[in-house]
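**Q** Okay, here's the structure, questions in a sec.
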Amino acid sequence: MSACGPVPTLRPDERADLLSLLAAAARPLADVVSDFLARFPRERRLRVGGALCFLLEDKKMFHPTGRLIAFAILHQSYSPQTANPYIPMLLNGACDEASDRSERAFVQQLLTSPGGDNNNEVLNQSAVDYLNGSVSASQVLLPREQLEKQYCSNGVQSQPQISSFRPAAVRSVIPDPDVPQSCANSSESAISLPGSMCADTSRGAAIRDLIARAVKGPLAPAQQEQFIIEMARDPKLVYYCGMTPQKLPDLVEHNPLIAVEVLSKLINSPDISGYFAGLVHMDMSLHSMEVVNRLTTAVDLPTEFVHEYITNCIQSCQNIKDKYMQNRLVRLVCVFLQSLIQNKIINVQDLFIEVQVFCIEFSRIREAAGLFRLLKSLE
């Protein structure tokens, strides 16, 4: 298997476990999946799944057997009764003409196996056996529309593109004393992407050009205003702007307010789970914190994402070496957590020990001491 280097935000033991599973090419895929579910608790699977999605984007990152194992893990991470947020990504893999035919056939078999996940015969084989077999060579590959139709008709999942993220009603304002409040988000609701729709081509081209510039460097104030105005006129343009989860970290760092505008419009998109994973996996910074702060006032964020993001914030504060930046991030994290706790957005018991240790470690900072007192008052 090709070396992939460290997986973003995964602990060393998690990286080792994941790499060992991806290298288990001779074991039945069902056994590998079972090991994955046993080694990674439910609250860590979003992070691991997001990392796999990013790694699968590079077709040279894994050996072909490792790619099959990764697809199987993504497909099996959620039960048949739960909407799988990785289905859009699996559908893309199943229909990607640039991919190896056997890989496309494998993913299509995962999606169309009669009887759902529990009776998926392809999982009884190893990745090596599948690639060496003759089944994929004779399999008829379905176009995307027919694949989606057959996937639904098998009773696996009635709406394959609906994310399983649950709304968390994170609506509290998170005050950031160092960030101006003059650029608040539009409260306009995001619009779901229908099966077909039209957008003005000239305006769409202008939006794509602005996004291309925004991921490379800060936009001028007039350009930011143009983007916001165009998005307010037609929110559907967000689906034609050329934005992808892989570009999100650069957009956040260079133009956080544009990132907020884009994410608030994509909140009902079937691909939003990829964007949430992008936020969790990117290096913590003042701008990424600002984006999440502002999103909490604009849209309903998923509980699982909020918990993952908090964990990443705490780990980033502990790892940063620059004392000024560390103090700044600790302040922001403490204000963020205090508001979530006071407004009952999160159940503090779910993160109590982790947050308490964080407060003790940074007790020299006034906001951390205040957060610690709040925690003690809730015991």
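In the structure tokens, the first chain shown is A, the next is B, and so on; residue numbers restart at 1 for each chain, and ligands run from 1 in the order shown.
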For A:Leu371, please output as a list in words all residues within 9 Å (counting only C-alpha atoms; exclusion window: fewer than 6 positions along the same chain).

**A**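 Final neighbour list, sorted by chain and number: Cys334, Val335, Leu337, Gln338, Val355, Gln356 and Cys359 of chain A.
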
**Q** May I have the selected residues written with N, CA and C atoms, as an mmCIF file, in the first residue's frame?

**A**
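Listing of result-v5.cif after writing:
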data_model
loop_
_atom_site.group_PDB
_atom_site.id
_atom_site.type_symbol
_atom_site.label_atom_id
_atom_site.label_comp_id
_atom_site.auth_asym_id
_atom_site.auth_seq_id
_atom_site.Cartn_x
_atom_site.Cartn_y
_atom_site.Cartn_z
ATOM 1 N N CYS A 334 -12.707 29.211 25.072
ATOM 2 C CA CYS A 334 -13.424 29.324 26.346
ATOM 3 C C CYS A 334 -14.728 30.097 26.190
ATOM 4 N N VAL A 335 -14.682 31.200 25.460
ATOM 5 C CA VAL A 335 -15.905 31.983 25.221
ATOM 6 C C VAL A 335 -16.919 31.154 24.439
ATOM 7 N N LEU A 337 -17.179 27.832 24.346
ATOM 8 C CA LEU A 337 -17.730 26.773 25.191
ATOM 9 C C LEU A 337 -18.689 27.322 26.236
ATOM 10 N N GLN A 338 -18.356 28.450 26.831
ATOM 11 C CA GLN A 338 -19.250 29.030 27.837
ATOM 12 C C GLN A 338 -20.621 29.314 27.255
ATOM 13 N N VAL A 355 -12.927 18.931 28.892
ATOM 14 C CA VAL A 355 -12.972 20.384 29.076
ATOM 15 C C VAL A 355 -12.361 20.777 30.420
ATOM 16 N N GLN A 356 -12.602 19.979 31.457
ATOM 17 C CA GLN A 356 -12.046 20.282 32.776
ATOM 18 C C GLN A 356 -10.516 20.253 32.752
ATOM 19 N N CYS A 359 -9.263 23.366 31.084
ATOM 20 C CA CYS A 359 -9.343 24.548 31.950
ATOM 21 C C CYS A 359 -8.196 24.576 32.962
#

**Q** Pull the helix (DSSP H, G or I) assignments for stretch 265-340 of chain A out of DSSP run on the backbone, and list those residues as number ranges by chain.

**A** A: 265, 272-281, 286-298, 303-319, 323-340

**Q** At what distance in Å, to one decimal, does atom CA of A:Thr311 lie from atom CA of A:Ser288?

**A** 14.0 Å

**Q** With only C-alpha atoms as the atoms that count, which of A:Asn293, A:Ser20, A:Ser77, A:Gln342 lies nearest to A:Val260?

**A**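 Under the stated criterion, the closest residue is A:Asn293.
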
**Q** What's the 12 Å shell around stretch 360-370 of chain A, counting only C-alpha atoms, without same-chain residues fewer than 5 positions away, as a tab-separated table (two decimals) with C-alpha atoms, in the first residue's frame?

**A**
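File around_19.tsv, as written:
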chain	number	residue	atom	x	y	z
A	314	ILE	CA	-8.73	21.76	22.60
A	315	GLN	CA	-6.04	19.65	20.94
A	317	CYS	CA	-4.60	24.85	21.88
A	318	GLN	CA	-2.47	22.23	23.59
A	323	LYS	CA	2.31	31.73	23.42
A	324	TYR	CA	0.46	34.75	22.04
A	326	GLN	CA	-2.08	30.02	22.15
A	327	ASN	CA	-3.57	32.53	24.58
A	328	ARG	CA	-5.72	33.98	21.80
A	329	LEU	CA	-7.08	30.58	20.79
A	330	VAL	CA	-7.69	29.56	24.42
A	331	ARG	CA	-9.71	32.72	24.99
A	332	LEU	CA	-11.83	32.09	21.92
A	333	VAL	CA	-12.40	28.44	22.79
A	334	CYS	CA	-13.42	29.32	26.35
A	335	VAL	CA	-15.90	31.98	25.22
A	336	PHE	CA	-17.26	29.55	22.63
A	337	LEU	CA	-17.73	26.77	25.19
A	338	GLN	CA	-19.25	29.03	27.84
A	339	SER	CA	-21.94	30.18	25.43
A	353	ILE	CA	-13.43	15.53	31.68
A	354	GLU	CA	-11.83	16.79	28.48
A	355	VAL	CA	-12.97	20.38	29.08
A	375	LEU	CA	-18.16	23.62	35.13
A	376	LYS	CA	-17.91	23.30	38.92
A	377	SER	CA	-21.25	25.03	39.35
